[in-house]
Structures are given as structure tokens and as C-alpha cells.
Amino acid sequence: MLETLDAAAVRRWCASGLAALQRHQGEIDDLNVYPVPDGDTGTNLVLTLTSAQQALAMDLETLPDDGHTPHGHALRLMARGALLGARGNSGVILSQILRGFADALAAAPAVRGRQLATALADAATAAYAAVAHPVEGTLLTVVAAAARAAEQADTDDLRAVARAAAGGAARALARTPEQLPALARAGVVDAGGRGLCLLLDALVEVVTGESPARPAPAPPAVRPPATAVRESGSPAYAYEVQYLLDATDEAVARLRGELDGLGDSLVIVGDGGTWNVHVHVNDVGAAVEAGVVAGRPHRITVTRFADQVAPAAPLPTPLPDGRAAVVVATGAGIAELFGGEGATVVPANPSTGELLDAIRATGAARVVVLPNDPNTQSVASAAAREAHRLGVKVSVVPTRSPVQALAALAVRDPKRRFEDDVIAMAEAAGACRYAEVCHASKEALTVAGPCRPGDVLALVEGEVHLIGADLLDTCTAMVDRMLGGGGELVTLLCGADAPAGLADRVREHVERSWPFVEVQAYEGGQPHYPLLVGVE
């Protein structure tokens with residue numbers, strides 16, 4: 001039993017809370033009926049807290065020179081990780097709850113009962129402030145009730161306050177159907193609130209050494225087999241847009257007003273200049289453009305609710321002889337190509353949790369992962385390690401471009417031993433030289449000389465080889481340079497911003513200049529790079 005919350009206890013709390021969310025992930029997914037059927041709150045909470053745990057694991061012992069205590073630093077790492085990995089409305093609000101909690105305790109010499117109560121009050125305030133139009137009967141109601149119960153305990157006994165907060169949250173959760181008719185009709189409690197109760201129960205277990213005994217919520221009512229997926233908001237809006245944003249407080253204040261006029265379910269939370277933006281809209285371009293005006297958006301994700309389905313059955317048990325490939329892709333055309341090769345496609349810049357989910361969803365006991373980006377390789381390796389603990393053998397082929405992944409998938413042979421197949425795929429990827437063409441965004445000194453904004457850059461294997469003024473001329477010169485070192489097959493992937501006919505004109509050039517070389521051209525749809533090239 002603990003008298004005060006220290007850094008080690010914070011780490012145990014995060015791990016225990018994540019384990020509890022993982023155990024109840026399917027149950028929480030099934031609870032999503034506010035205000036229309038939903039199926040991903042449990043998944044979003046798991047992914048959000050997974051990111052928090054990863055942040056703690058990466059840097060728990062290093063203390064910044066800002067006067068924060070070890071437990072304060074650990075809480076800040078946990079909150080920061082949750083913010084950067086937050087998924088969906090519930091994940092974003094949870095990250096803000098953890099942020100308020102951490103801010104209140106960062107400099108506290110010790111965390112006893114009254115300090116915990118103050119932290120929960122600040123967490124509730126931060127959560128309400130993050131939501132443009134707060135609604136009762138949700139996660140917000142549950143965290144507010146936990147804070148009130150903690151304050152009413154009026155003691156320095158950490159165990160008593162933790163128990164009081166968890167009990168208050170559980171009682172508030174049970175009342176949520178009285179506040180939201182959609183919950184009452186479905187006969188369930190609020191999904192996000194259920195997740196928070198699990199986290200508070202995990203805190204009680206860490207502090208007291210005892211696991212609170214609480215009845216499980218009522219099972220969900222029977223729902224149609226296919227429904228729109230959304231955690232909150234009106235069905236009038238068809239898309240969920242989420243991104244991280246580097247911007248000033250003033251710019252974000254203006255952004256709130258603009259996004260509020262575009263849709264609903266608006267949540268914007270931030271820490272130190274980085275903000276997590278979540279909104280439901282019909283005009284995706286306007287929502288992203290508003291972020292561009294406000295600052296620098298990145299990790300942009302867009303979900304079309306009509307493409308989603310209600311909660312699926314539990315993940316299949318891996319088949320001993322089953323094999324699969326999981327590929328990271330940017331661009332609808334590239335994703336379609338990989339899907340045509342039988343691969344499971346994950347959107348660009350995934351989290352470890354996203355890749356792990358994709359690996360498990362294949363139902364295969366042996367999976368090869370193709371990251372297609374140097375920055376994603378470490379994430380893929382982390383997902384592979386987690387998958388091994390779950391009994392799935394995963395090999396990461398270090399592809400750096402989609403064209404290398406296409407080459408690797410083309411040589412797959414299920415008749416070979418899995419290990420031999422991975423080697424063959426790695427060799428095929430390594431034998432495919434890759435290049436990309438883009439426009440310079442700023443002035444810089446490259447291996448090929450100085451460049452200015454707007455110049456056309458041709459990068460081969462990640463290094464700038466050519467700088468030009470004309471896109472087509474630079475593309476053809478780059479292909480000539482690559483074929484000068486040999487090659488029998490050229491693969492062209494046209495980007496979303498490529499001018500009409502670019503691939504055809506490059507193909508015509510190759511056919512004239514290199515008559516014995518085969519050319520394959522596809523619409524890749526990737527952003528930023530008008531042309532990706534592979535030479536085998």
C-alpha cells in the first residue's frame with residue numbers, strides 16, 4: 001500500500017490501466033451508441049494509452065532541469081505520449097484529462113490524498129475546456145464526478161481518496177443512460193466513461209494493492225450488423241478529421257471558431273505549441289486548410305463513417321500455417337495496388353498500436369511487414385516485438401519506398417518456407433533502386449548543389465542527384481541516370497499533384513531511349529511527390 005504516488009507507481013498505473021483497457025477493449029467498443037452506433041472507443045483508448053506507455057518506457061529516468069519531481073516528470077511523459085498518440089474523440093479527451101492531472105502534480109513535493117483530489121479537479125476542468133460543446137452523460141460527466149467524490153473525501157489518505165474517486169466515477173457511469181436518451185434506448189452506459197472507470201480502478205489497485213469489485217455494465221442491445229462508426233456528433237457529418245498541429249495559442253483560438261462553423265464534435269487540446277485537433281465535417285479540405293492557415297498540420301487522418309462497420313468479432317486465433325503481409329501506404333492508388341497483391345494496407349505514419357492491430361487482424365501466425373519509409377521502420381520493429389509476445393512471428397523487410405514493396409510482393413511464394421520467402425522478398429526489395437521527384441520547399445545546400453524554393457529535386461536512394469526547373473525534364477533525366485547503371489523494368493507511380501500525362505510522357509521517353517526496358521505506370525495518388533520511380 002502506498003502513502004504517496006511516486007514515479008514507479010505512475011509507471012505501474014499506466015501499465016495496469018492499459019492492460020485493463022485491452023482486456024475490455026471489445027466490451028467498450030460495443031458500448032458506443034452516442035448519439036449513433038459506434039464501434040471504436042475501446043480501440044481508440046487502447047491506442048492512446050499505448051502511446052502514453054511508450055513515452056514512459058522511452059524516458060522515465062531523465063529529469064529535465066525545470067524543478068519537476070520524478071513523479072511529476074513521469075506524469076508529464078504519460079500525458080505527452082497520450083496527446084501525440086490520441087485517437088478519436090475519447091482518446092483526445094483522455095489525453096487532456098492526463099494533461100490536467102500532470103500539470104497539477106508536476107511540482108508537488110508529494111502526492112497524497114488532497115493533492116490527488118486537486119489533480120482530478122484540474123483534469124475535469126481541462127477535459128471540459130477541450131470540448132467545444134460539452135454534453136453530459138459522457139466521459140466528461142464521469143471525470144467530474146470522480147473529482148467531486150475525491151474532494152468530498154477531504155483527507156490526505158491517498159488510498160481513501162483514490163477509492164472515493166473510483167467509486168464516484170462508477171456511480172456517475174451508471175447514471176449516464178439517464179442523461180443521454182441514446183444510451184437508455186440501447187441499454188448501455190457511456191463507452192468513454194467506462195474506459196475512465198477502468199483507469200481509476202487501476203489506480204486504486206496500484207495504491208492499495210486491492211482490485212475493486214464492480215459489476216460489469218449491462219450488455220449492449222442488439223444492433224444492425226453494419227452501421228456508421230462515430231464516437232460522437234450528428235450523423236449529418238460524414239467525415240472524421242484529426243491531425244496534430246504546430247501553432248500558437250492565438251492561431252488555435254481562431255481555428256476553434258472556424259472549425260466550429262464547419263462541423264461538430266470539435267476537440268482541440270495541446271501542450272507546448274503542439275495541438276491535437278479532432279472534428280466531424282463534410283468538407284474535409286476546408287478542415288485541413290484551416291489547419292494550414294493556423295500553423296503546420298501533420299499526421300493527418302480522415303475517416304469516412306460510411307466506410308466503417310459495427311464492431312467485428314474478436315480477433316481470430318492465429319492459424320499455424322497462415323501467412324500474410326502488412327504494408328504501409330500513402331495514396332489511394334498505392335493502397336489499391338497493395339490490396340490487389342493480397343496485402344493488408346495501413347495508412348502512412350502509423351503508430352505501433354495501429355501496426356500491431358493490423359498484424360493481429362490478419363489472423364496469420366507468420367506476417368511480413370513492409371514499412372516503405374525509414375521513419376516507420378522502428379515503429380514496425382516495435383510492433384513486431386509486441387506481436388511475438390502474442391504468438392505471431394513477424395519479419396520486417398526494410399523497404400524505403402512503395403516501389404520496393406511492389407518488387408517484394410511480386411516474388412512472394414507460399415510454397416517456400418516462411419524464412420526463405422522473407423529472404424527472397426528482402427533481396428527483391430534491395431535489388432530495386434528507388435527515386436522520387438518533388439519541389440524544394442526552402443533554400444538549402446544539397447549534394448547536387450544549392451536549391452531554392454520551387455526548384456524540382458530528383459532524389460535517388462534518398463540523396464538529391466538533380467536540381468531542375470522543369471518537372472518533366474528532371475524526371476526523364478533522373479530515369480536516364482538510373483538506367484545508366486542497368487535495369488530491365490521501370491515502375492512509375494504518379495502522385496496526386498502530378499500534371500496530367502506526366503507518366504505517359506516519361507514512358508514515351510523510356511521507350512524511345514531505352515527500347516529493351518519494360519515500363520509499368522500507375523496512379524499512386526501519393527502527396528508531395530509527383531513521381532516515384534523504381535528500377536529493377
# chains A, B, ... in the order shown; residues from 1 in each chain; ligands from 1
call {"tool": "select_by_dssp", "arguments": {"residues": "region 355-402 of chain A", "states": "strand (DSSP E or B)", "output": "list in words"}}
result
Ala364, Ala365, Arg366, Val367, Val368, Val369, Leu370, Lys393, Val394, Ser395 and Val396 of chain A
call {"tool": "select_by_dssp", "arguments": {"residues": "region 288-408 of chain A", "states": "alpha helix (DSSP H)", "output": "ChimeraX atom specification"}}
result
/A:288-294,332-340,352-361,374-389,402-408
call {"tool": "closest_residue", "arguments": {"among": "A:Phe418, A:Tyr529, A:Tyr128, A:Tyr239", "to": "Ile97 (chain A)", "atoms": "only C-alpha atoms"}}
result
A:Tyr128
call {"tool": "closest_residue", "arguments": {"among": "A:Arg512, A:Arg76, A:Arg159, A:His133", "to": "Met1 (chain A)", "atoms": "only C-alpha atoms"}}
result
A:Arg159
call {"tool": "closest_residue", "arguments": {"among": "A:Leu183, A:Val464, A:Ala82, A:Ala102", "to": "Glu136 (chain A)", "atoms": "only C-alpha atoms"}}
result
A:Leu183
call {"tool": "closest_residue", "arguments": {"among": "A:Gly449, A:Gly484, A:Gly192, A:Gly137", "to": "Glu27 (chain A)", "atoms": "only C-alpha atoms"}}
result
A:Gly192
call {"tool": "residues_around", "arguments": {"residues": "region 427-444 of chain A", "least_positions_apart": "2", "cutoff": "6 Å", "atoms": "only C-alpha atoms", "output": "ChimeraX atom specification"}}
result
/A:404,407-408,424-425,450-461,529,531-536
